[in-house]
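Peer 1: Here it is, the structure, as structure tokens.
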Amino acid sequence: MTTIGDSGNASWLMTATALVLLMAPGLAFFYGGMVRTGQIIAMLKMCFFCVVIVTVLWFAVGYSLAFGPDAGGLGMIGTLDHAFLRGVRIDSLTGDVPTVTFVVFHMSFAIVTVALISGSIAGRASMNGWIAFVCAWTLLVYIPMAHWVFDPRGWVAEQLGAVDFSGGTVVEIGSGAAGLALAIVAGKRADFERQGIRPHNLPLVVIGLSLLWFGWFGFNTGSSLGTPGGAAMAFLNSQLAAGAAMAGWAVTSWWRTRQVGLLDMCMGAVTGLVAMTPLAGGVTPVWATVTGFLAGLTCAVAISWKYRLGVDDTLDVVGIHGWGGIVGMVMAGLTATGALTGKKGLFYGGSWELLGRQLTAVVVLGLFAFVMTALIGKAIGATIGLRRPGGMIEHEQAYAEVLSDHLKQLAADDTAPPPREEPESASELVARLREVLMTGRPDQ
């Protein structure tokens with residue numbers, strides 16, 4: 001068989017694909033460390049369900065609808081010509097890279113995008129409702145948006161002419177708008193305005209961030225496909241933006257609270273990587289640094305608006321991914337050098353036209369994701385249920401039972417004082433166990 005295509009580009013895309021796939025467990029750990037102790041297993045399951053479900057859907061119809069022949073030439077959706085990868089052979093190429101690798105690369109984008117949304121309803125979603133949501137959202141929201149932006153025949157890419165290198169609209173603004181809609185539909189936690197979520201395991205958050213950061217180098221560079229220079233610039237710019245965003249978030253945090261925590265640094269790094277997504281390889285390192293700093297500075301403020309608006313976005317998907325994506329899209333309209341796309345931003349001799357296109361893409365895709373997600377969430381809520389009923393979910397209950405048994409054993413010790421009345425919640429049991437571990441005996 002004759003080998004065709006560029007082996008260097010093909011090898012890098014396979015590497016980038018593996019890096020992006022690593023972001024799914026990274027996100028699971030990142031979110032898992034941020035939620036309350038009894039919710040970690042549910043959070044991990046929500047993220048890993050996305051891996052299973054989206055993989056199957058993408059193989060069956062997702063790739064074909066997103067990148068198959070355009071239906072009607074309208075740039076709205078593909079056809080089912082390549083359903084179950086029909087017609088995709090070992091020597092099929094997309095550009096100068098194997099199509100099979102391209103398929104998995106964009107499959108990984110779809111997985112991460114849906115998993116991001118889980119943070120907006122962490123701790124209160126039913127597992128059956130979440131599974132139904134992942135199926136519906138992937139088919140009805142993500143796949144059409146992917147065709148609009150990532151397929152050269154899509155209306156955002158071709159007719160509108162907006163610039164979006166790696167998914168600032170589809171992935172970041174799409175997940176942010178969806179997270180906002182889903183948080184509204186699911187409703188608030190009982191203690192939303194009285195007690196914020198404290199991360200129960202910061203080392204786990206750092207591990208998750210490390211995997212996300214590592215994976216983002218594939219996320220922000222793989223879309224270059226046959227543009228090695230663009231991939232290299234995207235690699236550098238992603239690092240610069242993440243570091244600058246940590247500094248920007250720290251400035252805001254210090255100004256507001258006179259302290260900077262480890263969680264602040266972790267969340268800041270994510271905002272910089274998010275903001276670099278729209279045009280990572282198409283801006284200069286200086287503007288990448290500025291973009292990251294602005295993203296960290298403003299996203300740290302944006303996450304606080306959920307309390308003013310009364311929207312329980314548990315893990316700040318809207319403030320980080322939604323707002324960070326907007327910052328990146330706007331900065332692309334201002335600072336794009338034209339090296340990758342030929343479209344220059346306002347600061348490089350372009351007109352206001354590109355910025356207008358960027359804002360149009362932000363508004364249209366944001367509204368589409370918001371409205372469709374709200375409809376999907378309402379439908380699931382009215383049928384199988386989106387929000388878990390009652391108090392503890394099964395994992396919290398099991399965790400509480402284990403702690404209760406442990407405390408009873410300690411209380412049975414002759415040297416220990418009589419136990420107090422059984423605590424009513426998992427959080428009380430956790431607090432009591434911590435005191436036992438620190439003092440060696442139950443509190444009285």
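Chain labels follow the order of the structure tokens: the first chain is A, the next B, and so on; residue numbering restarts at 1 in every chain, and ligands are counted from 1 in their shown order.
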List the spatial neighbours of Met276 of chain A as an NGL selection string - criterion: any atom at most 9 Å away, only C-alpha atoms, same-chain residues fewer than 6 positions off excluded.

Peer 2: :A and (166 or 168 or 220 or 234 or 237-238 or 241-242 or 288 or 291-292 or 324-325 or 328-329 or 332)

Peer 1: Those residues with all heavy atoms, as a PDB file, in the first residue's frame please?

Peer 2:
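After the write, out01.pdb holds the following:
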```
ATOM      1  N   SER A 166      -9.469  26.598  18.078  1.00  0.00           N
ATOM      2  CA  SER A 166      -9.644  25.310  18.760  1.00  0.00           C
ATOM      3  C   SER A 166     -10.940  25.189  19.545  1.00  0.00           C
ATOM      4  O   SER A 166     -11.041  24.321  20.414  1.00  0.00           O
ATOM      5  CB  SER A 166      -8.463  25.056  19.710  1.00  0.00           C
ATOM      6  OG  SER A 166      -7.254  24.959  18.999  1.00  0.00           O
ATOM      7  N   GLY A 168     -13.167  28.067  20.898  1.00  0.00           N
ATOM      8  CA  GLY A 168     -13.575  29.070  21.872  1.00  0.00           C
ATOM      9  C   GLY A 168     -15.085  29.213  21.951  1.00  0.00           C
ATOM     10  O   GLY A 168     -15.644  29.486  23.020  1.00  0.00           O
ATOM     11  N   ASN A 220      -4.944  22.902  22.250  1.00  0.00           N
ATOM     12  CA  ASN A 220      -4.720  24.181  21.581  1.00  0.00           C
ATOM     13  C   ASN A 220      -3.748  24.105  20.410  1.00  0.00           C
ATOM     14  O   ASN A 220      -3.548  25.092  19.721  1.00  0.00           O
ATOM     15  CB  ASN A 220      -4.196  25.212  22.587  1.00  0.00           C
ATOM     16  CG  ASN A 220      -5.310  25.846  23.394  1.00  0.00           C
ATOM     17  OD1 ASN A 220      -6.489  25.563  23.196  1.00  0.00           O
ATOM     18  ND2 ASN A 220      -4.936  26.703  24.321  1.00  0.00           N
ATOM     19  N   ALA A 234       1.199  27.998  19.220  1.00  0.00           N
ATOM     20  CA  ALA A 234       0.092  27.708  20.129  1.00  0.00           C
ATOM     21  C   ALA A 234       0.595  27.083  21.419  1.00  0.00           C
ATOM     22  O   ALA A 234       0.072  27.356  22.511  1.00  0.00           O
ATOM     23  CB  ALA A 234      -0.916  26.783  19.455  1.00  0.00           C
ATOM     24  N   ASN A 237       2.169  29.987  23.430  1.00  0.00           N
ATOM     25  CA  ASN A 237       1.147  30.924  23.882  1.00  0.00           C
ATOM     26  C   ASN A 237       0.257  30.346  24.975  1.00  0.00           C
ATOM     27  O   ASN A 237      -0.186  31.064  25.874  1.00  0.00           O
ATOM     28  CB  ASN A 237       0.289  31.365  22.696  1.00  0.00           C
ATOM     29  CG  ASN A 237       1.021  32.326  21.775  1.00  0.00           C
ATOM     30  OD1 ASN A 237       2.063  32.878  22.144  1.00  0.00           O
ATOM     31  ND2 ASN A 237       0.502  32.530  20.576  1.00  0.00           N
ATOM     32  N   SER A 238      -0.011  29.052  24.895  1.00  0.00           N
ATOM     33  CA  SER A 238      -0.840  28.421  25.922  1.00  0.00           C
ATOM     34  C   SER A 238      -0.154  28.491  27.290  1.00  0.00           C
ATOM     35  O   SER A 238      -0.785  28.787  28.305  1.00  0.00           O
ATOM     36  CB  SER A 238      -1.122  26.957  25.556  1.00  0.00           C
ATOM     37  OG  SER A 238      -1.870  26.864  24.361  1.00  0.00           O
ATOM     38  N   ALA A 241      -0.142  32.192  28.518  1.00  0.00           N
ATOM     39  CA  ALA A 241      -1.467  32.639  28.951  1.00  0.00           C
ATOM     40  C   ALA A 241      -1.849  32.037  30.293  1.00  0.00           C
ATOM     41  O   ALA A 241      -2.438  32.713  31.151  1.00  0.00           O
ATOM     42  CB  ALA A 241      -2.507  32.272  27.894  1.00  0.00           C
ATOM     43  N   ALA A 242      -1.523  30.765  30.503  1.00  0.00           N
ATOM     44  CA  ALA A 242      -1.853  30.117  31.774  1.00  0.00           C
ATOM     45  C   ALA A 242      -1.118  30.785  32.929  1.00  0.00           C
ATOM     46  O   ALA A 242      -1.707  31.072  33.983  1.00  0.00           O
ATOM     47  CB  ALA A 242      -1.507  28.630  31.705  1.00  0.00           C
ATOM     48  N   ALA A 288      -0.635  37.011  23.826  1.00  0.00           N
ATOM     49  CA  ALA A 288      -1.070  35.826  24.562  1.00  0.00           C
ATOM     50  C   ALA A 288      -0.964  36.071  26.059  1.00  0.00           C
ATOM     51  O   ALA A 288      -1.852  35.698  26.848  1.00  0.00           O
ATOM     52  CB  ALA A 288      -0.233  34.616  24.161  1.00  0.00           C
ATOM     53  N   THR A 291      -3.696  38.566  27.043  1.00  0.00           N
ATOM     54  CA  THR A 291      -4.997  37.898  27.035  1.00  0.00           C
ATOM     55  C   THR A 291      -5.173  37.032  28.272  1.00  0.00           C
ATOM     56  O   THR A 291      -6.226  37.049  28.919  1.00  0.00           O
ATOM     57  CB  THR A 291      -5.137  37.026  25.773  1.00  0.00           C
ATOM     58  OG1 THR A 291      -5.045  37.856  24.608  1.00  0.00           O
ATOM     59  CG2 THR A 291      -6.475  36.290  25.761  1.00  0.00           C
ATOM     60  N   GLY A 292      -4.152  36.262  28.626  1.00  0.00           N
ATOM     61  CA  GLY A 292      -4.229  35.430  29.812  1.00  0.00           C
ATOM     62  C   GLY A 292      -4.418  36.247  31.072  1.00  0.00           C
ATOM     63  O   GLY A 292      -5.246  35.908  31.930  1.00  0.00           O
ATOM     64  N   GLY A 324     -14.385  33.238  30.036  1.00  0.00           N
ATOM     65  CA  GLY A 324     -13.040  33.099  29.473  1.00  0.00           C
ATOM     66  C   GLY A 324     -13.070  32.928  27.962  1.00  0.00           C
ATOM     67  O   GLY A 324     -12.219  33.465  27.251  1.00  0.00           O
ATOM     68  N   GLY A 325     -14.050  32.169  27.460  1.00  0.00           N
ATOM     69  CA  GLY A 325     -14.194  32.011  26.016  1.00  0.00           C
ATOM     70  C   GLY A 325     -14.526  33.313  25.320  1.00  0.00           C
ATOM     71  O   GLY A 325     -14.021  33.597  24.223  1.00  0.00           O
ATOM     72  N   GLY A 328     -11.394  35.435  25.069  1.00  0.00           N
ATOM     73  CA  GLY A 328     -10.528  34.934  24.005  1.00  0.00           C
ATOM     74  C   GLY A 328     -11.029  35.286  22.621  1.00  0.00           C
ATOM     75  O   GLY A 328     -10.236  35.664  21.738  1.00  0.00           O
ATOM     76  N   MET A 329     -12.332  35.163  22.393  1.00  0.00           N
ATOM     77  CA  MET A 329     -12.894  35.487  21.078  1.00  0.00           C
ATOM     78  C   MET A 329     -12.747  36.971  20.755  1.00  0.00           C
ATOM     79  O   MET A 329     -12.420  37.350  19.623  1.00  0.00           O
ATOM     80  CB  MET A 329     -14.365  35.080  21.031  1.00  0.00           C
ATOM     81  CG  MET A 329     -14.614  33.588  20.950  1.00  0.00           C
ATOM     82  SD  MET A 329     -14.063  32.851  19.388  1.00  0.00           S
ATOM     83  CE  MET A 329     -15.268  33.542  18.242  1.00  0.00           C
ATOM     84  N   ALA A 332      -9.108  37.738  20.018  1.00  0.00           N
ATOM     85  CA  ALA A 332      -8.745  37.263  18.682  1.00  0.00           C
ATOM     86  C   ALA A 332      -9.153  38.274  17.627  1.00  0.00           C
ATOM     87  O   ALA A 332      -8.419  38.505  16.649  1.00  0.00           O
ATOM     88  CB  ALA A 332      -9.399  35.909  18.407  1.00  0.00           C
TER      89      ALA A 332
END
```

Peer 1: List as a count of residues only the protein and nucleic acid residues near segment 186-191 of chain A, meaning an atom at most 12 Å away when only C-alpha atoms are counted, but skip any in the same chain fewer than 3 places from it.

Peer 2: 45

Peer 1: One decimal, in Å: what's the spacing between atom CA of Val286 of chain A and atom CA of His321 of chain A?

Peer 2: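 One can read the atom CA of Val286 of chain A to atom CA of His321 of chain A distance as 22.2 Å.
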
Peer 1: Name all residues at most 9 Å from Ala110 of chain A (count only C-alpha atoms; drop same-chain ones fewer than 5 positions away) and give them as a list in words.

Peer 2: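 So, after excluding close chain neighbours, the residues are Cys50, Val54, Thr55, Trp58, Ala115, Thr138, Tyr142, Ile143, Ala146 and Val171 of chain A.
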
Peer 1: Please write the residues from the selection above to a file, keeping N, CA, C and O atoms, as a PDB file, in the first residue's frame.

Peer 2:
```
ATOM      1  N   CYS A  50     -19.280  10.438  30.309  1.00  0.00           N
ATOM      2  CA  CYS A  50     -19.141  11.192  29.062  1.00  0.00           C
ATOM      3  C   CYS A  50     -18.183  10.486  28.103  1.00  0.00           C
ATOM      4  O   CYS A  50     -18.413  10.472  26.888  1.00  0.00           O
ATOM      5  N   VAL A  54     -20.192   9.491  24.709  1.00  0.00           N
ATOM      6  CA  VAL A  54     -19.825  10.318  23.552  1.00  0.00           C
ATOM      7  C   VAL A  54     -18.993   9.515  22.559  1.00  0.00           C
ATOM      8  O   VAL A  54     -19.134   9.685  21.345  1.00  0.00           O
ATOM      9  N   THR A  55     -18.139   8.627  23.038  1.00  0.00           N
ATOM     10  CA  THR A  55     -17.352   7.784  22.131  1.00  0.00           C
ATOM     11  C   THR A  55     -18.259   6.976  21.212  1.00  0.00           C
ATOM     12  O   THR A  55     -18.053   6.933  19.984  1.00  0.00           O
ATOM     13  N   TRP A  58     -20.274   9.339  18.815  1.00  0.00           N
ATOM     14  CA  TRP A  58     -19.416   9.936  17.780  1.00  0.00           C
ATOM     15  C   TRP A  58     -19.108   8.924  16.677  1.00  0.00           C
ATOM     16  O   TRP A  58     -19.124   9.253  15.496  1.00  0.00           O
ATOM     17  N   ALA A 115     -18.357  16.968  29.393  1.00  0.00           N
ATOM     18  CA  ALA A 115     -17.931  16.757  30.775  1.00  0.00           C
ATOM     19  C   ALA A 115     -17.796  18.072  31.529  1.00  0.00           C
ATOM     20  O   ALA A 115     -18.070  18.136  32.736  1.00  0.00           O
ATOM     21  N   THR A 138     -25.171  16.017  23.270  1.00  0.00           N
ATOM     22  CA  THR A 138     -24.177  15.700  22.245  1.00  0.00           C
ATOM     23  C   THR A 138     -24.798  15.715  20.855  1.00  0.00           C
ATOM     24  O   THR A 138     -24.235  16.294  19.910  1.00  0.00           O
ATOM     25  N   TYR A 142     -23.993  19.877  20.605  1.00  0.00           N
ATOM     26  CA  TYR A 142     -22.560  19.895  20.271  1.00  0.00           C
ATOM     27  C   TYR A 142     -22.307  19.602  18.795  1.00  0.00           C
ATOM     28  O   TYR A 142     -21.543  20.321  18.137  1.00  0.00           O
ATOM     29  N   ILE A 143     -22.909  18.566  18.272  1.00  0.00           N
ATOM     30  CA  ILE A 143     -22.627  18.167  16.887  1.00  0.00           C
ATOM     31  C   ILE A 143     -22.979  19.269  15.882  1.00  0.00           C
ATOM     32  O   ILE A 143     -22.168  19.576  14.994  1.00  0.00           O
ATOM     33  N   ALA A 146     -20.302  21.949  16.205  1.00  0.00           N
ATOM     34  CA  ALA A 146     -19.029  21.492  15.654  1.00  0.00           C
ATOM     35  C   ALA A 146     -19.020  21.621  14.135  1.00  0.00           C
ATOM     36  O   ALA A 146     -18.000  21.998  13.540  1.00  0.00           O
ATOM     37  N   VAL A 171     -16.574  24.804  22.352  1.00  0.00           N
ATOM     38  CA  VAL A 171     -16.209  24.149  23.610  1.00  0.00           C
ATOM     39  C   VAL A 171     -16.430  25.063  24.802  1.00  0.00           C
ATOM     40  O   VAL A 171     -17.140  24.707  25.753  1.00  0.00           O
TER      41      VAL A 171
END
```

Peer 1: Any idea what the distance is between atom CA of Thr271 of chain A and atom CA of Ala295 of chain A?

Peer 2: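 Computed distance, atom CA of Thr271 of chain A to atom CA of Ala295 of chain A, equals 6.0 Å.
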
Peer 1: Quick one: distance from atom CA of Gly229 of chain A to atom CA of Ser210 of chain A in Å, one decimal?

Peer 2: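 Atom-to-atom, atom CA of Gly229 of chain A and atom CA of Ser210 of chain A are spaced 25.0 Å apart.
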
Peer 1: If you count only C-alpha atoms, which residues fall within 7 Å of segment 354-366 of chain A, apart from same-chain ones fewer than 3 positions away, as a short mmCIF file (atom, residue, chain, number, x, y, z; two decimals) with all heavy atoms, in the first residue's frame?

Peer 2:
```cif
data_model
loop_
_atom_site.label_atom_id
_atom_site.label_comp_id
_atom_site.auth_asym_id
_atom_site.auth_seq_id
_atom_site.Cartn_x
_atom_site.Cartn_y
_atom_site.Cartn_z
N VAL A 156 -20.45 29.29 10.26
CA VAL A 156 -19.59 30.18 11.03
C VAL A 156 -18.23 30.29 10.36
O VAL A 156 -17.66 31.38 10.25
CB VAL A 156 -19.44 29.69 12.48
CG1 VAL A 156 -18.38 30.52 13.23
CG2 VAL A 156 -20.78 29.78 13.22
N LEU A 160 -19.99 33.25 7.81
CA LEU A 160 -19.73 34.34 8.76
C LEU A 160 -18.27 34.74 8.71
O LEU A 160 -17.94 35.93 8.77
CB LEU A 160 -20.12 33.90 10.17
CG LEU A 160 -19.90 34.93 11.28
CD1 LEU A 160 -20.73 36.19 11.03
CD2 LEU A 160 -20.25 34.34 12.65
N GLY A 161 -17.36 33.77 8.63
CA GLY A 161 -15.94 34.08 8.55
C GLY A 161 -15.30 34.42 9.88
O GLY A 161 -14.26 35.10 9.93
N ALA A 162 -15.88 33.95 10.98
CA ALA A 162 -15.27 34.17 12.29
C ALA A 162 -14.04 33.27 12.45
O ALA A 162 -13.91 32.26 11.78
CB ALA A 162 -16.28 33.90 13.40
N VAL A 163 -13.16 33.64 13.35
CA VAL A 163 -11.94 32.89 13.61
C VAL A 163 -12.07 32.16 14.94
O VAL A 163 -12.37 32.77 15.97
CB VAL A 163 -10.72 33.84 13.65
CG1 VAL A 163 -9.49 33.12 14.17
CG2 VAL A 163 -10.46 34.43 12.27
N THR A 169 -15.76 29.01 20.82
CA THR A 169 -17.23 29.08 20.82
C THR A 169 -17.83 27.72 21.15
O THR A 169 -18.61 27.57 22.08
CB THR A 169 -17.74 29.53 19.44
OG1 THR A 169 -17.12 28.74 18.41
CG2 THR A 169 -17.43 31.00 19.20
N ILE A 173 -17.56 28.63 25.17
CA ILE A 173 -18.82 29.37 25.30
C ILE A 173 -20.00 28.41 25.28
O ILE A 173 -20.99 28.59 25.99
CB ILE A 173 -18.93 30.42 24.19
CG1 ILE A 173 -17.84 31.49 24.38
CG2 ILE A 173 -20.32 31.07 24.18
CD1 ILE A 173 -17.74 32.49 23.26
N GLY A 174 -19.89 27.33 24.48
CA GLY A 174 -20.96 26.34 24.45
C GLY A 174 -21.18 25.69 25.81
O GLY A 174 -22.31 25.58 26.29
N ALA A 177 -22.51 28.50 28.37
CA ALA A 177 -23.94 28.81 28.20
C ALA A 177 -24.81 27.64 28.61
O ALA A 177 -25.87 27.82 29.23
CB ALA A 177 -24.21 29.18 26.74
N ILE A 326 -15.36 34.13 25.96
CA ILE A 326 -15.71 35.44 25.38
C ILE A 326 -14.48 36.33 25.30
O ILE A 326 -14.23 36.99 24.29
CB ILE A 326 -16.82 36.10 26.21
CG1 ILE A 326 -18.13 35.32 26.07
CG2 ILE A 326 -17.03 37.55 25.78
CD1 ILE A 326 -19.24 35.80 26.99
N MET A 329 -12.33 35.16 22.39
CA MET A 329 -12.89 35.49 21.08
C MET A 329 -12.75 36.97 20.76
O MET A 329 -12.42 37.35 19.62
CB MET A 329 -14.37 35.08 21.03
CG MET A 329 -14.61 33.59 20.95
SD MET A 329 -14.06 32.85 19.39
CE MET A 329 -15.27 33.54 18.24
N VAL A 330 -12.98 37.82 21.74
CA VAL A 330 -12.84 39.26 21.53
C VAL A 330 -11.38 39.63 21.25
O VAL A 330 -11.08 40.39 20.33
CB VAL A 330 -13.37 40.04 22.74
CG1 VAL A 330 -13.03 41.53 22.63
CG2 VAL A 330 -14.88 39.87 22.87
N GLY A 333 -10.33 38.89 17.81
CA GLY A 333 -10.78 39.91 16.86
C GLY A 333 -9.92 41.16 16.88
O GLY A 333 -9.87 41.91 15.91
N LEU A 334 -9.22 41.38 18.00
CA LEU A 334 -8.37 42.56 18.12
C LEU A 334 -6.92 42.29 17.77
O LEU A 334 -6.24 43.15 17.19
CB LEU A 334 -8.43 43.11 19.56
CG LEU A 334 -9.78 43.63 20.05
CD1 LEU A 334 -9.71 43.97 21.53
CD2 LEU A 334 -10.22 44.85 19.24
N GLY A 345 -6.63 41.09 12.96
CA GLY A 345 -7.41 41.80 13.95
C GLY A 345 -7.24 43.30 13.84
O GLY A 345 -6.40 43.80 13.08
N SER A 351 -9.95 45.61 9.98
CA SER A 351 -11.04 46.54 10.27
C SER A 351 -11.84 46.04 11.46
O SER A 351 -11.51 45.04 12.10
CB SER A 351 -11.95 46.66 9.04
OG SER A 351 -12.58 45.42 8.79
N ALA A 369 -26.78 27.39 22.42
CA ALA A 369 -26.46 26.41 23.47
C ALA A 369 -27.35 26.62 24.69
O ALA A 369 -27.81 25.65 25.31
CB ALA A 369 -24.99 26.53 23.86
N PHE A 370 -27.61 27.87 25.05
CA PHE A 370 -28.43 28.17 26.24
C PHE A 370 -29.87 27.68 26.06
O PHE A 370 -30.42 26.98 26.90
CB PHE A 370 -28.42 29.67 26.53
CG PHE A 370 -29.26 30.05 27.72
CD1 PHE A 370 -28.72 30.02 29.00
CD2 PHE A 370 -30.58 30.45 27.56
CE1 PHE A 370 -29.49 30.36 30.11
CE2 PHE A 370 -31.35 30.80 28.66
CZ PHE A 370 -30.81 30.76 29.94
#
```

Peer 1: Taking only segment 77-151 of chain A into account, list the residues labelled helix (DSSP H, G or I) by DSSP (computed from the backbone), as a PyMOL selection string.

Peer 2: chain A and resi 83-85+99-121+127-150

Peer 1: Which residues of segment 147-200 of chain A come within 9 Å of segment 72-80 of chain A, and what is each one's closest atom pair and distance in Å (one decimal), counting only C-alpha atoms, sorted by chain and residue number, as a tab-separated table?

Peer 2:
```
residue	atom	partner	partner_atom	distance
A:His147	CA	A:Ile77	CA	5.9
A:Trp148	CA	A:Met76	CA	6.1
A:Asp151	CA	A:Gly75	CA	8.6
A:Pro152	CA	A:Gly75	CA	8.8
A:Arg153	CA	A:Gly75	CA	5.6
A:Gly154	CA	A:Gly75	CA	4.0
A:Trp155	CA	A:Gly75	CA	4.5
A:Val156	CA	A:Gly75	CA	8.0
A:Ala157	CA	A:Gly75	CA	8.8
A:Glu158	CA	A:Gly75	CA	7.9
A:Gln159	CA	A:Gly75	CA	8.1
```

Peer 1: Would you mind telling me which residue in A:Thr277, A:Asn201, A:Ser7, A:Thr252 lies nearest to Leu93 of chain A when using only C-alpha atoms?

Peer 2: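 Result for the nearest residue to Leu93 of chain A: A:Ser7.
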
Peer 1: Could you make a table, as JSON lines, of the residues of segment 274-325 of chain A that have an atom within 9 Å of an atom of segment 256-267 of chain A, each with its nearest atom pair and distance in Å to one decimal, counting only C-alpha atoms, in chain and number order?

Peer 2:
```
{"residue": "A:Gly296", "atom": "CA", "partner": "A:Met267", "partner_atom": "CA", "distance": 8.4}
{"residue": "A:Ala300", "atom": "CA", "partner": "A:Asp264", "partner_atom": "CA", "distance": 8.4}
{"residue": "A:Ile320", "atom": "CA", "partner": "A:Met267", "partner_atom": "CA", "distance": 7.9}
```

Peer 1: For Val134 of chain A, which residue among A:Leu211, A:Val327, A:Ser108, A:Met46 is the nearest when counting only C-alpha atoms?

Peer 2: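 When distances to Val134 of chain A are compared using only C-alpha atoms, the smallest one comes from A:Met46.
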
Peer 1: Mind running segment 76-188 of chain A against segment 14-17 of chain A at 12 Å and telling me each contacting residue's nearest atom pair with the distance in Å (one decimal), counting only C-alpha atoms, chain and number ascending, as a tab-separated table?

Peer 2:
```
residue	atom	partner	partner_atom	distance
A:Val97	CA	A:Met14	CA	9.4
A:Pro98	CA	A:Met14	CA	9.4
A:Thr99	CA	A:Met14	CA	11.0
A:Val100	CA	A:Met14	CA	9.8
A:Thr101	CA	A:Met14	CA	6.2
A:Phe102	CA	A:Thr17	CA	8.4
A:Val103	CA	A:Thr17	CA	9.6
A:Val104	CA	A:Thr17	CA	6.8
A:Phe105	CA	A:Thr17	CA	4.8
A:His106	CA	A:Thr17	CA	8.2
A:Met107	CA	A:Thr17	CA	9.0
A:Ser108	CA	A:Thr17	CA	7.0
A:Phe109	CA	A:Thr17	CA	9.1
A:Ile111	CA	A:Thr17	CA	11.9
A:Val112	CA	A:Thr17	CA	11.9
```

Peer 1: Considering only C-alpha atoms, return as a PyMOL selection string whatever protein or nucleic-acid residues lie within 8 Å of Leu209 of chain A, sequence-local ones (same chain, fewer than 4 positions apart) excluded.

Peer 2: chain A and resi 26-27+30+205+213+266+270

Peer 1: Export all heavy atoms of the chosen residues as a short mmCIF file (atom, residue, chain, number, x, y, z; two decimals), in the first residue's frame?

Peer 2:
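Once written, selection.cif looks like this:
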```cif
data_model
loop_
_atom_site.label_atom_id
_atom_site.label_comp_id
_atom_site.auth_asym_id
_atom_site.auth_seq_id
_atom_site.Cartn_x
_atom_site.Cartn_y
_atom_site.Cartn_z
N GLY A 26 -8.45 14.13 33.84
CA GLY A 26 -7.97 15.33 34.51
C GLY A 26 -9.12 16.17 35.04
O GLY A 26 -9.09 16.65 36.18
N LEU A 27 -10.14 16.36 34.21
CA LEU A 27 -11.31 17.12 34.63
C LEU A 27 -12.05 16.41 35.76
O LEU A 27 -12.55 17.05 36.70
CB LEU A 27 -12.25 17.33 33.44
CG LEU A 27 -13.47 18.20 33.69
CD1 LEU A 27 -13.05 19.64 33.99
CD2 LEU A 27 -14.43 18.16 32.50
N PHE A 30 -10.08 17.14 38.83
CA PHE A 30 -10.18 18.57 39.13
C PHE A 30 -11.53 18.87 39.80
O PHE A 30 -11.58 19.48 40.87
CB PHE A 30 -10.03 19.36 37.84
CG PHE A 30 -9.96 20.85 38.03
CD1 PHE A 30 -8.83 21.43 38.57
CD2 PHE A 30 -11.02 21.66 37.65
CE1 PHE A 30 -8.76 22.82 38.74
CE2 PHE A 30 -10.96 23.04 37.82
CZ PHE A 30 -9.82 23.62 38.36
N VAL A 205 -7.22 18.42 43.34
CA VAL A 205 -7.46 19.51 42.40
C VAL A 205 -6.18 19.81 41.61
O VAL A 205 -6.22 20.01 40.40
CB VAL A 205 -7.94 20.78 43.14
CG1 VAL A 205 -8.05 21.96 42.18
CG2 VAL A 205 -9.28 20.53 43.81
N TRP A 213 -3.78 20.81 32.19
CA TRP A 213 -2.74 21.69 31.61
C TRP A 213 -1.93 20.93 30.57
O TRP A 213 -1.70 21.41 29.46
CB TRP A 213 -1.84 22.19 32.73
CG TRP A 213 -1.03 23.41 32.42
CD1 TRP A 213 -0.52 23.78 31.21
CD2 TRP A 213 -0.63 24.42 33.35
NE1 TRP A 213 0.19 24.94 31.33
CE2 TRP A 213 0.14 25.37 32.63
CE3 TRP A 213 -0.81 24.61 34.72
CZ2 TRP A 213 0.70 26.49 33.26
CZ3 TRP A 213 -0.25 25.72 35.32
CH2 TRP A 213 0.49 26.66 34.60
N CYS A 266 -5.00 27.58 40.82
CA CYS A 266 -5.45 26.53 39.91
C CYS A 266 -6.52 27.03 38.95
O CYS A 266 -6.46 26.79 37.74
CB CYS A 266 -5.99 25.35 40.71
SG CYS A 266 -4.74 24.45 41.66
N VAL A 270 -6.52 27.71 34.55
CA VAL A 270 -7.53 27.21 33.62
C VAL A 270 -8.08 28.35 32.77
O VAL A 270 -8.28 28.20 31.56
CB VAL A 270 -8.66 26.49 34.38
CG1 VAL A 270 -9.81 26.13 33.42
CG2 VAL A 270 -8.14 25.24 35.05
#
```
